[in-house]
$ cat start08.txt   # compact mmCIF, N, CA and C atoms
# COMPACT_ATOMS: atom_id res chain seq x y z
N MET A 1 0.83 -1.18 0.00
CA MET A 1 0.00 0.00 0.00
C MET A 1 0.87 1.24 0.00
N GLY A 2 0.51 2.23 -0.79
CA GLY A 2 1.21 3.50 -0.81
C GLY A 2 0.69 4.41 0.28
N LEU A 3 0.97 5.70 0.13
CA LEU A 3 0.53 6.66 1.13
C LEU A 3 -0.99 6.72 1.21
N LEU A 4 -1.66 6.63 0.07
CA LEU A 4 -3.12 6.62 0.06
C LEU A 4 -3.62 5.21 -0.19
N MET A 5 -4.73 4.90 0.42
CA MET A 5 -5.35 3.59 0.23
C MET A 5 -5.99 3.52 -1.16
N THR A 6 -6.13 2.33 -1.66
CA THR A 6 -6.84 2.15 -2.91
C THR A 6 -8.34 2.13 -2.63
N ARG A 7 -9.11 2.28 -3.67
CA ARG A 7 -10.57 2.20 -3.55
C ARG A 7 -10.98 0.87 -2.92
N ASP A 8 -10.35 -0.21 -3.36
CA ASP A 8 -10.68 -1.53 -2.83
C ASP A 8 -10.40 -1.63 -1.33
N GLU A 9 -9.33 -0.99 -0.87
CA GLU A 9 -9.01 -1.01 0.56
C GLU A 9 -10.05 -0.23 1.36
N VAL A 10 -10.53 0.88 0.82
CA VAL A 10 -11.58 1.65 1.49
C VAL A 10 -12.86 0.82 1.55
N LEU A 11 -13.21 0.17 0.44
CA LEU A 11 -14.40 -0.67 0.41
C LEU A 11 -14.28 -1.83 1.39
N GLN A 12 -13.08 -2.39 1.52
CA GLN A 12 -12.87 -3.48 2.47
C GLN A 12 -13.11 -2.98 3.90
N GLY A 13 -12.66 -1.76 4.19
CA GLY A 13 -12.91 -1.18 5.51
C GLY A 13 -14.40 -1.03 5.79
N LEU A 14 -15.16 -0.67 4.77
CA LEU A 14 -16.62 -0.57 4.93
C LEU A 14 -17.25 -1.94 5.08
N LYS A 15 -16.73 -2.90 4.33
CA LYS A 15 -17.26 -4.26 4.41
C LYS A 15 -17.08 -4.81 5.82
N GLU A 16 -15.94 -4.54 6.43
CA GLU A 16 -15.68 -4.99 7.79
C GLU A 16 -16.66 -4.38 8.79
N ARG A 17 -17.21 -3.22 8.45
CA ARG A 17 -18.19 -2.54 9.30
C ARG A 17 -19.63 -2.84 8.86
N GLU A 18 -19.75 -3.77 7.91
CA GLU A 18 -21.05 -4.17 7.36
C GLU A 18 -21.83 -2.96 6.85
N ALA A 19 -21.14 -2.08 6.12
CA ALA A 19 -21.74 -0.84 5.66
C ALA A 19 -21.85 -0.75 4.14
N LEU A 20 -21.50 -1.79 3.41
CA LEU A 20 -21.56 -1.76 1.95
C LEU A 20 -22.97 -2.02 1.45
N ASP A 21 -23.35 -1.30 0.39
CA ASP A 21 -24.60 -1.63 -0.28
C ASP A 21 -24.46 -1.65 -1.81
N GLY A 22 -23.22 -1.46 -2.30
CA GLY A 22 -22.95 -1.55 -3.74
C GLY A 22 -23.11 -0.25 -4.51
N THR A 23 -23.51 0.83 -3.84
CA THR A 23 -23.71 2.11 -4.53
C THR A 23 -22.67 3.16 -4.12
N GLU A 24 -21.57 2.73 -3.55
CA GLU A 24 -20.60 3.65 -2.95
C GLU A 24 -19.93 4.57 -3.97
N LYS A 25 -19.85 5.83 -3.57
CA LYS A 25 -19.05 6.86 -4.25
C LYS A 25 -18.06 7.33 -3.20
N ILE A 26 -16.78 7.41 -3.58
CA ILE A 26 -15.71 7.64 -2.62
C ILE A 26 -14.83 8.79 -3.08
N PHE A 27 -14.50 9.68 -2.13
CA PHE A 27 -13.50 10.71 -2.42
C PHE A 27 -12.75 11.04 -1.14
N TYR A 28 -11.61 11.71 -1.29
CA TYR A 28 -10.67 11.98 -0.20
C TYR A 28 -10.68 13.47 0.10
N GLY A 29 -10.72 13.85 1.37
CA GLY A 29 -10.72 15.25 1.72
C GLY A 29 -10.07 15.52 3.06
N ALA A 30 -9.76 16.78 3.30
CA ALA A 30 -9.17 17.23 4.56
C ALA A 30 -10.19 18.09 5.29
N MET A 31 -10.42 17.76 6.56
CA MET A 31 -11.37 18.54 7.34
C MET A 31 -10.74 19.89 7.66
N LYS A 32 -11.52 20.93 7.51
CA LYS A 32 -11.03 22.27 7.82
C LYS A 32 -11.11 22.52 9.32
N PRO A 33 -10.19 23.23 9.93
CA PRO A 33 -9.05 23.84 9.27
C PRO A 33 -8.01 22.79 8.88
N VAL A 34 -7.46 22.94 7.70
CA VAL A 34 -6.54 21.95 7.14
C VAL A 34 -5.29 21.80 8.00
N ALA A 35 -4.89 22.85 8.69
CA ALA A 35 -3.69 22.78 9.54
C ALA A 35 -3.80 21.70 10.60
N SER A 36 -5.03 21.29 10.93
CA SER A 36 -5.21 20.25 11.95
C SER A 36 -4.91 18.86 11.40
N ALA A 37 -4.75 18.74 10.08
CA ALA A 37 -4.36 17.49 9.41
C ALA A 37 -5.32 16.33 9.71
N ASN A 38 -6.61 16.60 9.66
CA ASN A 38 -7.62 15.56 9.80
C ASN A 38 -8.08 15.15 8.41
N TYR A 39 -7.61 14.00 7.95
CA TYR A 39 -7.95 13.54 6.61
C TYR A 39 -8.99 12.43 6.69
N PHE A 40 -9.85 12.40 5.68
CA PHE A 40 -10.96 11.46 5.67
C PHE A 40 -11.22 10.94 4.28
N TRP A 41 -11.65 9.69 4.22
CA TRP A 41 -12.31 9.17 3.04
C TRP A 41 -13.78 9.44 3.29
N ILE A 42 -14.43 10.07 2.36
CA ILE A 42 -15.84 10.38 2.48
C ILE A 42 -16.55 9.46 1.51
N VAL A 43 -17.45 8.64 2.05
CA VAL A 43 -18.12 7.62 1.25
C VAL A 43 -19.61 7.84 1.33
N SER A 44 -20.24 7.87 0.17
CA SER A 44 -21.69 8.02 0.10
C SER A 44 -22.29 6.75 -0.47
N ASN A 45 -23.38 6.31 0.13
CA ASN A 45 -24.17 5.24 -0.46
C ASN A 45 -25.63 5.49 -0.11
N GLN A 46 -26.51 4.55 -0.38
CA GLN A 46 -27.93 4.78 -0.16
C GLN A 46 -28.28 4.95 1.31
N LYS A 47 -27.41 4.49 2.20
CA LYS A 47 -27.66 4.61 3.64
C LYS A 47 -27.34 6.01 4.17
N GLY A 48 -26.34 6.67 3.57
CA GLY A 48 -25.92 7.99 4.02
C GLY A 48 -24.47 8.26 3.71
N LEU A 49 -23.84 9.05 4.55
CA LEU A 49 -22.45 9.43 4.38
C LEU A 49 -21.60 8.85 5.51
N TYR A 50 -20.48 8.26 5.14
CA TYR A 50 -19.51 7.75 6.10
C TYR A 50 -18.27 8.63 6.01
N LEU A 51 -17.78 9.08 7.15
CA LEU A 51 -16.53 9.83 7.23
C LEU A 51 -15.53 8.91 7.91
N LEU A 52 -14.59 8.39 7.11
CA LEU A 52 -13.62 7.42 7.61
C LEU A 52 -12.28 8.12 7.85
N GLY A 53 -11.89 8.22 9.10
CA GLY A 53 -10.63 8.88 9.44
C GLY A 53 -9.43 8.15 8.89
N VAL A 54 -8.40 8.91 8.53
CA VAL A 54 -7.17 8.36 7.94
C VAL A 54 -5.99 8.79 8.79
N THR A 55 -5.09 7.85 9.08
CA THR A 55 -3.87 8.15 9.84
C THR A 55 -2.85 8.86 8.96
N GLY A 56 -1.80 9.36 9.56
CA GLY A 56 -0.71 9.98 8.81
C GLY A 56 -0.01 9.02 7.87
N MET A 57 -0.15 7.72 8.13
CA MET A 57 0.45 6.70 7.26
C MET A 57 -0.51 6.25 6.16
N GLY A 58 -1.69 6.86 6.10
CA GLY A 58 -2.62 6.57 5.01
C GLY A 58 -3.55 5.40 5.26
N LYS A 59 -3.60 4.88 6.48
CA LYS A 59 -4.49 3.76 6.80
C LYS A 59 -5.73 4.28 7.53
N LEU A 60 -6.80 3.50 7.50
CA LEU A 60 -8.00 3.88 8.25
C LEU A 60 -7.66 3.93 9.74
N SER A 61 -8.07 5.00 10.40
CA SER A 61 -7.73 5.18 11.81
C SER A 61 -8.69 4.44 12.74
N GLY A 62 -9.81 4.02 12.22
CA GLY A 62 -10.83 3.40 13.07
C GLY A 62 -11.91 4.40 13.44
N GLU A 63 -11.61 5.69 13.25
CA GLU A 63 -12.58 6.74 13.51
C GLU A 63 -13.58 6.77 12.36
N VAL A 64 -14.86 6.56 12.69
CA VAL A 64 -15.90 6.55 11.66
C VAL A 64 -17.10 7.35 12.16
N ALA A 65 -17.53 8.29 11.34
CA ALA A 65 -18.77 9.00 11.63
C ALA A 65 -19.76 8.61 10.55
N PHE A 66 -20.98 8.33 10.93
CA PHE A 66 -22.02 7.97 9.97
C PHE A 66 -23.13 9.00 10.05
N LEU A 67 -23.47 9.57 8.92
CA LEU A 67 -24.56 10.53 8.83
C LEU A 67 -25.68 9.90 7.99
N GLU A 68 -26.78 9.56 8.63
CA GLU A 68 -27.89 8.99 7.88
C GLU A 68 -28.38 9.99 6.85
N LYS A 69 -28.82 9.49 5.72
CA LYS A 69 -29.24 10.36 4.62
C LYS A 69 -30.29 11.37 5.09
N GLU A 70 -31.23 10.92 5.91
CA GLU A 70 -32.29 11.80 6.39
C GLU A 70 -31.78 12.86 7.36
N ALA A 71 -30.61 12.63 7.97
CA ALA A 71 -30.04 13.58 8.93
C ALA A 71 -29.21 14.67 8.26
N VAL A 72 -28.99 14.55 6.95
CA VAL A 72 -28.21 15.55 6.22
C VAL A 72 -29.17 16.61 5.69
N ALA A 73 -29.04 17.81 6.23
CA ALA A 73 -29.93 18.91 5.84
C ALA A 73 -29.47 19.57 4.55
N GLU A 74 -28.14 19.67 4.38
CA GLU A 74 -27.62 20.40 3.22
C GLU A 74 -26.19 19.97 2.93
N VAL A 75 -25.89 19.88 1.66
CA VAL A 75 -24.51 19.68 1.19
C VAL A 75 -24.26 20.77 0.17
N SER A 76 -23.23 21.57 0.40
CA SER A 76 -22.92 22.63 -0.56
C SER A 76 -21.45 22.54 -0.95
N SER A 77 -21.17 23.00 -2.16
CA SER A 77 -19.83 22.91 -2.70
C SER A 77 -19.51 24.20 -3.45
N LYS A 78 -18.31 24.71 -3.21
CA LYS A 78 -17.82 25.87 -3.94
C LYS A 78 -16.41 25.58 -4.41
N THR A 79 -16.09 26.03 -5.60
CA THR A 79 -14.74 25.88 -6.12
C THR A 79 -13.86 26.96 -5.50
N SER A 80 -12.66 26.59 -5.11
CA SER A 80 -11.74 27.56 -4.51
C SER A 80 -11.32 28.61 -5.53
N MET A 81 -10.72 29.68 -5.05
CA MET A 81 -10.30 30.76 -5.94
C MET A 81 -9.32 30.30 -6.99
N MET A 82 -8.43 29.39 -6.64
CA MET A 82 -7.43 28.89 -7.59
C MET A 82 -8.00 27.81 -8.49
N GLY A 83 -9.15 27.27 -8.15
CA GLY A 83 -9.80 26.29 -9.00
C GLY A 83 -9.30 24.86 -8.88
N MET A 84 -8.38 24.59 -7.95
CA MET A 84 -7.83 23.24 -7.82
C MET A 84 -8.54 22.41 -6.77
N THR A 85 -9.31 23.07 -5.90
CA THR A 85 -10.00 22.36 -4.83
C THR A 85 -11.46 22.80 -4.73
N TYR A 86 -12.22 21.96 -4.03
CA TYR A 86 -13.59 22.31 -3.68
C TYR A 86 -13.65 22.55 -2.18
N ASN A 87 -14.52 23.44 -1.76
CA ASN A 87 -14.83 23.63 -0.36
C ASN A 87 -16.20 22.98 -0.14
N LEU A 88 -16.21 21.91 0.61
CA LEU A 88 -17.42 21.12 0.86
C LEU A 88 -17.94 21.40 2.25
N THR A 89 -19.23 21.68 2.36
CA THR A 89 -19.88 21.87 3.65
C THR A 89 -21.04 20.90 3.75
N ILE A 90 -21.06 20.15 4.84
CA ILE A 90 -22.15 19.21 5.12
C ILE A 90 -22.82 19.68 6.41
N LYS A 91 -24.12 19.95 6.33
CA LYS A 91 -24.88 20.38 7.51
C LYS A 91 -25.90 19.32 7.86
N GLU A 92 -25.92 18.96 9.14
CA GLU A 92 -26.90 17.99 9.62
C GLU A 92 -28.14 18.73 10.13
N THR A 93 -29.24 18.01 10.24
CA THR A 93 -30.49 18.60 10.72
C THR A 93 -30.37 19.08 12.16
N ASP A 94 -29.46 18.52 12.94
CA ASP A 94 -29.28 18.95 14.34
C ASP A 94 -28.34 20.14 14.48
N GLY A 95 -27.87 20.69 13.35
CA GLY A 95 -27.02 21.87 13.37
C GLY A 95 -25.53 21.60 13.27
N GLN A 96 -25.10 20.35 13.40
CA GLN A 96 -23.68 20.00 13.27
C GLN A 96 -23.22 20.31 11.84
N VAL A 97 -22.05 20.93 11.71
CA VAL A 97 -21.51 21.30 10.42
C VAL A 97 -20.11 20.71 10.25
N TYR A 98 -19.86 20.11 9.09
CA TYR A 98 -18.55 19.56 8.74
C TYR A 98 -18.06 20.31 7.52
N LYS A 99 -16.81 20.76 7.55
CA LYS A 99 -16.23 21.47 6.40
C LYS A 99 -14.96 20.75 5.96
N PHE A 100 -14.85 20.57 4.64
CA PHE A 100 -13.72 19.86 4.06
C PHE A 100 -13.14 20.63 2.88
N MET A 101 -11.87 20.40 2.64
CA MET A 101 -11.24 20.81 1.39
C MET A 101 -11.02 19.52 0.60
N VAL A 102 -11.51 19.50 -0.63
CA VAL A 102 -11.41 18.30 -1.47
C VAL A 102 -10.67 18.66 -2.74
N ASN A 103 -9.54 18.01 -2.99
CA ASN A 103 -8.79 18.24 -4.23
C ASN A 103 -9.55 17.64 -5.41
N LYS A 104 -9.47 18.33 -6.54
CA LYS A 104 -10.12 17.80 -7.75
C LYS A 104 -9.40 16.56 -8.25
N LYS A 105 -8.09 16.49 -8.00
CA LYS A 105 -7.31 15.33 -8.44
C LYS A 105 -6.53 14.77 -7.26
N VAL A 106 -6.54 13.46 -7.15
CA VAL A 106 -5.75 12.77 -6.14
C VAL A 106 -5.02 11.65 -6.86
N MET A 107 -3.70 11.62 -6.73
CA MET A 107 -2.91 10.61 -7.42
C MET A 107 -3.41 9.21 -7.05
N GLY A 108 -3.65 8.40 -8.06
CA GLY A 108 -4.11 7.04 -7.85
C GLY A 108 -5.62 6.89 -7.78
N HIS A 109 -6.34 8.00 -7.83
CA HIS A 109 -7.81 7.96 -7.76
C HIS A 109 -8.39 8.80 -8.89
N LYS A 110 -8.46 8.20 -10.05
CA LYS A 110 -8.90 8.91 -11.26
C LYS A 110 -10.33 9.40 -11.17
N THR A 111 -11.15 8.75 -10.35
CA THR A 111 -12.57 9.11 -10.29
C THR A 111 -12.88 10.10 -9.18
N GLN A 112 -11.88 10.68 -8.52
CA GLN A 112 -12.08 11.61 -7.41
C GLN A 112 -13.09 12.71 -7.75
N LYS A 113 -12.84 13.46 -8.79
CA LYS A 113 -13.69 14.60 -9.15
C LYS A 113 -15.09 14.13 -9.54
N GLU A 114 -15.19 13.10 -10.36
CA GLU A 114 -16.48 12.64 -10.83
C GLU A 114 -17.35 12.12 -9.69
N GLU A 115 -16.77 11.33 -8.80
CA GLU A 115 -17.55 10.78 -7.68
C GLU A 115 -17.95 11.89 -6.71
N TYR A 116 -17.07 12.85 -6.51
CA TYR A 116 -17.39 13.99 -5.66
C TYR A 116 -18.62 14.72 -6.20
N LEU A 117 -18.62 15.02 -7.49
CA LEU A 117 -19.72 15.76 -8.10
C LEU A 117 -21.04 14.97 -8.04
N VAL A 118 -20.98 13.65 -8.17
CA VAL A 118 -22.17 12.81 -8.06
C VAL A 118 -22.76 12.90 -6.65
N VAL A 119 -21.90 12.86 -5.64
CA VAL A 119 -22.37 12.92 -4.25
C VAL A 119 -23.02 14.27 -3.97
N VAL A 120 -22.36 15.35 -4.38
CA VAL A 120 -22.93 16.69 -4.14
C VAL A 120 -24.29 16.81 -4.84
N ALA A 121 -24.39 16.35 -6.07
CA ALA A 121 -25.66 16.42 -6.80
C ALA A 121 -26.75 15.60 -6.13
N ALA A 122 -26.38 14.47 -5.54
CA ALA A 122 -27.36 13.60 -4.89
C ALA A 122 -28.01 14.27 -3.68
N TYR A 123 -27.31 15.21 -3.07
CA TYR A 123 -27.85 15.88 -1.88
C TYR A 123 -28.42 17.26 -2.16
N GLU A 124 -28.40 17.67 -3.42
CA GLU A 124 -29.00 18.97 -3.76
C GLU A 124 -30.50 18.90 -3.52
N ARG A 125 -31.03 19.96 -2.97
CA ARG A 125 -32.46 20.00 -2.67
C ARG A 125 -33.13 21.07 -3.48

$ encode --input "start08.txt" --output "structure tokens"
Amino acid sequence: MGLLMTRDEVLQGLKEREALDGTEKIFYGAMKPVASANYFWIVSNQKGLYLLGVTGMGKLSGEVAFLEKEAVAEVSSKTSMMGMTYNLTIKETDGQVYKFMVNKKVMGHKTQKEEYLVVVAAYER
């Protein structure tokens, strides 16, 4: 394994948590503020959103947050000024807010941008 996990390794982590349903869209992001170095694989499926924490060595940390689809009030995305990243905001119905910086390209993950855009579109209201 390199610094980043492969898609199959992320899916295996979900399988171990009995969270797979076959509709997964996966992308990699850093929770803001980025200086805190909290990196996550963000996985969307029909059940909701999974935020899978990543260690500095690129492995799943065991930290998992699950947001049921019905608990997500809003997902918004803006392109950064330089155009290389997205600013993602996820708001839950209880007021909890998660903010991420998501790169449009991640080495080894050709579908990063496409899967990100599918997830954002799925939560548009």

$ select_by_dssp --input "start08.txt" --residues "stretch 12-105 of chain A" --states "strand (DSSP E)" --output "ChimeraX atom specification"
/A:25-31,38-45,48-54,60-68,72-79,85-92,97-103

$ closest_residue --input "start08.txt" --among "A:Ser76, A:Lys99, A:Tyr86, A:His109" --to "A:Val10" --atoms "only C-alpha atoms"
A:His109

$ closest_residue --input "start08.txt" --among "A:Val54, A:Gly29, A:Gly62, A:Met82" --to "A:Arg17" --atoms "only C-alpha atoms"
A:Gly62

$ closest_residue --input "start08.txt" --among "A:Gly108, A:Ile90, A:Tyr39, A:Asn45" --to "A:Lys69" --atoms "all atoms listed in the file"
A:Asn45

$ atom_distance --input "start08.txt" --atom1 "atom CA of A:Glu9" --atom2 "atom CA of A:Lys105"
18.7 Å

$ residues_around --input "start08.txt" --residues "A:Lys25" --least-positions-apart "6" --cutoff "12 Å" --atoms "only C-alpha atoms" --output "PDB file with N, CA and C atoms, keeping the file's coordinate frame"
ATOM      1  N   ARG A   7      -9.110   2.280  -3.670  1.00  0.00           N
ATOM      2  CA  ARG A   7     -10.570   2.200  -3.550  1.00  0.00           C
ATOM      3  C   ARG A   7     -10.980   0.870  -2.920  1.00  0.00           C
ATOM      4  N   ASP A   8     -10.350  -0.210  -3.360  1.00  0.00           N
ATOM      5  CA  ASP A   8     -10.680  -1.530  -2.830  1.00  0.00           C
ATOM      6  C   ASP A   8     -10.400  -1.630  -1.330  1.00  0.00           C
ATOM      7  N   VAL A  10     -10.530   0.880   0.820  1.00  0.00           N
ATOM      8  CA  VAL A  10     -11.580   1.650   1.490  1.00  0.00           C
ATOM      9  C   VAL A  10     -12.860   0.820   1.550  1.00  0.00           C
ATOM     10  N   LEU A  11     -13.210   0.170   0.440  1.00  0.00           N
ATOM     11  CA  LEU A  11     -14.400  -0.670   0.410  1.00  0.00           C
ATOM     12  C   LEU A  11     -14.280  -1.830   1.390  1.00  0.00           C
ATOM     13  N   TRP A  41     -11.650   9.690   4.220  1.00  0.00           N
ATOM     14  CA  TRP A  41     -12.310   9.170   3.040  1.00  0.00           C
ATOM     15  C   TRP A  41     -13.780   9.440   3.290  1.00  0.00           C
ATOM     16  N   ILE A  42     -14.430  10.070   2.360  1.00  0.00           N
ATOM     17  CA  ILE A  42     -15.840  10.380   2.480  1.00  0.00           C
ATOM     18  C   ILE A  42     -16.550   9.460   1.510  1.00  0.00           C
ATOM     19  N   VAL A  43     -17.450   8.640   2.050  1.00  0.00           N
ATOM     20  CA  VAL A  43     -18.120   7.620   1.250  1.00  0.00           C
ATOM     21  C   VAL A  43     -19.610   7.840   1.330  1.00  0.00           C
ATOM     22  N   SER A  44     -20.240   7.870   0.170  1.00  0.00           N
ATOM     23  CA  SER A  44     -21.690   8.020   0.100  1.00  0.00           C
ATOM     24  C   SER A  44     -22.290   6.750  -0.470  1.00  0.00           C
ATOM     25  N   ASN A  45     -23.380   6.310   0.130  1.00  0.00           N
ATOM     26  CA  ASN A  45     -24.170   5.240  -0.460  1.00  0.00           C
ATOM     27  C   ASN A  45     -25.630   5.490  -0.110  1.00  0.00           C
ATOM     28  N   GLN A  46     -26.510   4.550  -0.380  1.00  0.00           N
ATOM     29  CA  GLN A  46     -27.930   4.780  -0.160  1.00  0.00           C
ATOM     30  C   GLN A  46     -28.280   4.950   1.310  1.00  0.00           C
ATOM     31  N   LYS A  47     -27.410   4.490   2.200  1.00  0.00           N
ATOM     32  CA  LYS A  47     -27.660   4.610   3.640  1.00  0.00           C
ATOM     33  C   LYS A  47     -27.340   6.010   4.170  1.00  0.00           C
ATOM     34  N   GLY A  48     -26.340   6.670   3.570  1.00  0.00           N
ATOM     35  CA  GLY A  48     -25.920   7.990   4.020  1.00  0.00           C
ATOM     36  C   GLY A  48     -24.470   8.260   3.710  1.00  0.00           C
ATOM     37  N   LEU A  49     -23.840   9.050   4.550  1.00  0.00           N
ATOM     38  CA  LEU A  49     -22.450   9.430   4.380  1.00  0.00           C
ATOM     39  C   LEU A  49     -21.600   8.850   5.510  1.00  0.00           C
ATOM     40  N   TYR A  50     -20.480   8.260   5.140  1.00  0.00           N
ATOM     41  CA  TYR A  50     -19.510   7.750   6.100  1.00  0.00           C
ATOM     42  C   TYR A  50     -18.270   8.630   6.010  1.00  0.00           C
ATOM     43  N   HIS A 109      -6.340   8.000  -7.830  1.00  0.00           N
ATOM     44  CA  HIS A 109      -7.810   7.960  -7.760  1.00  0.00           C
ATOM     45  C   HIS A 109      -8.390   8.800  -8.890  1.00  0.00           C
ATOM     46  N   THR A 111     -11.150   8.750 -10.350  1.00  0.00           N
ATOM     47  CA  THR A 111     -12.570   9.110 -10.290  1.00  0.00           C
ATOM     48  C   THR A 111     -12.880  10.100  -9.180  1.00  0.00           C
ATOM     49  N   GLN A 112     -11.880  10.680  -8.520  1.00  0.00           N
ATOM     50  CA  GLN A 112     -12.080  11.610  -7.410  1.00  0.00           C
ATOM     51  C   GLN A 112     -13.090  12.710  -7.750  1.00  0.00           C
ATOM     52  N   LYS A 113     -12.840  13.460  -8.790  1.00  0.00           N
ATOM     53  CA  LYS A 113     -13.690  14.600  -9.150  1.00  0.00           C
ATOM     54  C   LYS A 113     -15.090  14.130  -9.540  1.00  0.00           C
ATOM     55  N   GLU A 114     -15.190  13.100 -10.360  1.00  0.00           N
ATOM     56  CA  GLU A 114     -16.480  12.640 -10.830  1.00  0.00           C
ATOM     57  C   GLU A 114     -17.350  12.120  -9.690  1.00  0.00           C
ATOM     58  N   GLU A 115     -16.770  11.330  -8.800  1.00  0.00           N
ATOM     59  CA  GLU A 115     -17.550  10.780  -7.680  1.00  0.00           C
ATOM     60  C   GLU A 115     -17.950  11.890  -6.710  1.00  0.00           C
ATOM     61  N   TYR A 116     -17.070  12.850  -6.510  1.00  0.00           N
ATOM     62  CA  TYR A 116     -17.390  13.990  -5.660  1.00  0.00           C
ATOM     63  C   TYR A 116     -18.620  14.720  -6.200  1.00  0.00           C
ATOM     64  N   LEU A 117     -18.620  15.020  -7.490  1.00  0.00           N
ATOM     65  CA  LEU A 117     -19.720  15.760  -8.100  1.00  0.00           C
ATOM     66  C   LEU A 117     -21.040  14.970  -8.040  1.00  0.00           C
ATOM     67  N   VAL A 118     -20.980  13.650  -8.170  1.00  0.00           N
ATOM     68  CA  VAL A 118     -22.170  12.810  -8.060  1.00  0.00           C
ATOM     69  C   VAL A 118     -22.760  12.900  -6.650  1.00  0.00           C
ATOM     70  N   VAL A 119     -21.900  12.860  -5.640  1.00  0.00           N
ATOM     71  CA  VAL A 119     -22.370  12.920  -4.250  1.00  0.00           C
ATOM     72  C   VAL A 119     -23.020  14.270  -3.970  1.00  0.00           C
ATOM     73  N   VAL A 120     -22.360  15.350  -4.380  1.00  0.00           N
ATOM     74  CA  VAL A 120     -22.930  16.690  -4.140  1.00  0.00           C
ATOM     75  C   VAL A 120     -24.290  16.810  -4.840  1.00  0.00           C
ATOM     76  N   ALA A 121     -24.390  16.350  -6.070  1.00  0.00           N
ATOM     77  CA  ALA A 121     -25.660  16.420  -6.800  1.00  0.00           C
ATOM     78  C   ALA A 121     -26.750  15.600  -6.130  1.00  0.00           C
ATOM     79  N   ALA A 122     -26.380  14.470  -5.540  1.00  0.00           N
ATOM     80  CA  ALA A 122     -27.360  13.600  -4.890  1.00  0.00           C
ATOM     81  C   ALA A 122     -28.010  14.270  -3.680  1.00  0.00           C
TER      82      ALA A 122
END

$ select_by_dssp --input "start08.txt" --residues "chain A" --states "helix (DSSP H, G or I)" --output "ChimeraX atom specification"
/A:7-16,34-36,69-71,112-122

$ atom_distance --input "start08.txt" --atom1 "atom N of A:Gly58" --atom2 "atom C of A:Gly95"
28.9 Å

$ axis_aligned_box --input "start08.txt" --around "stretch 90-95 of chain A" --padding-each-side "3 Å" --output "JSON"
{"center_x": -25.8, "center_y": 19.9, "center_z": 9.7, "size_x": 15.4, "size_y": 9.9, "size_z": 15.6}

$ atom_distance --input "start08.txt" --atom1 "atom CA of A:Val97" --atom2 "atom CA of A:Val64"
15.8 Å

$ closest_residue --input "start08.txt" --among "A:Met5, A:Met107, A:Val72, A:Leu88" --to "A:Leu60" --atoms "all atoms listed in the file"
A:Met5

$ residues_around --input "start08.txt" --residues "A:Asn87" --least-positions-apart "6" --cutoff "5 Å" --atoms "only N, CA and C atoms" --output "ChimeraX atom specification"
/A:77-80,100-101
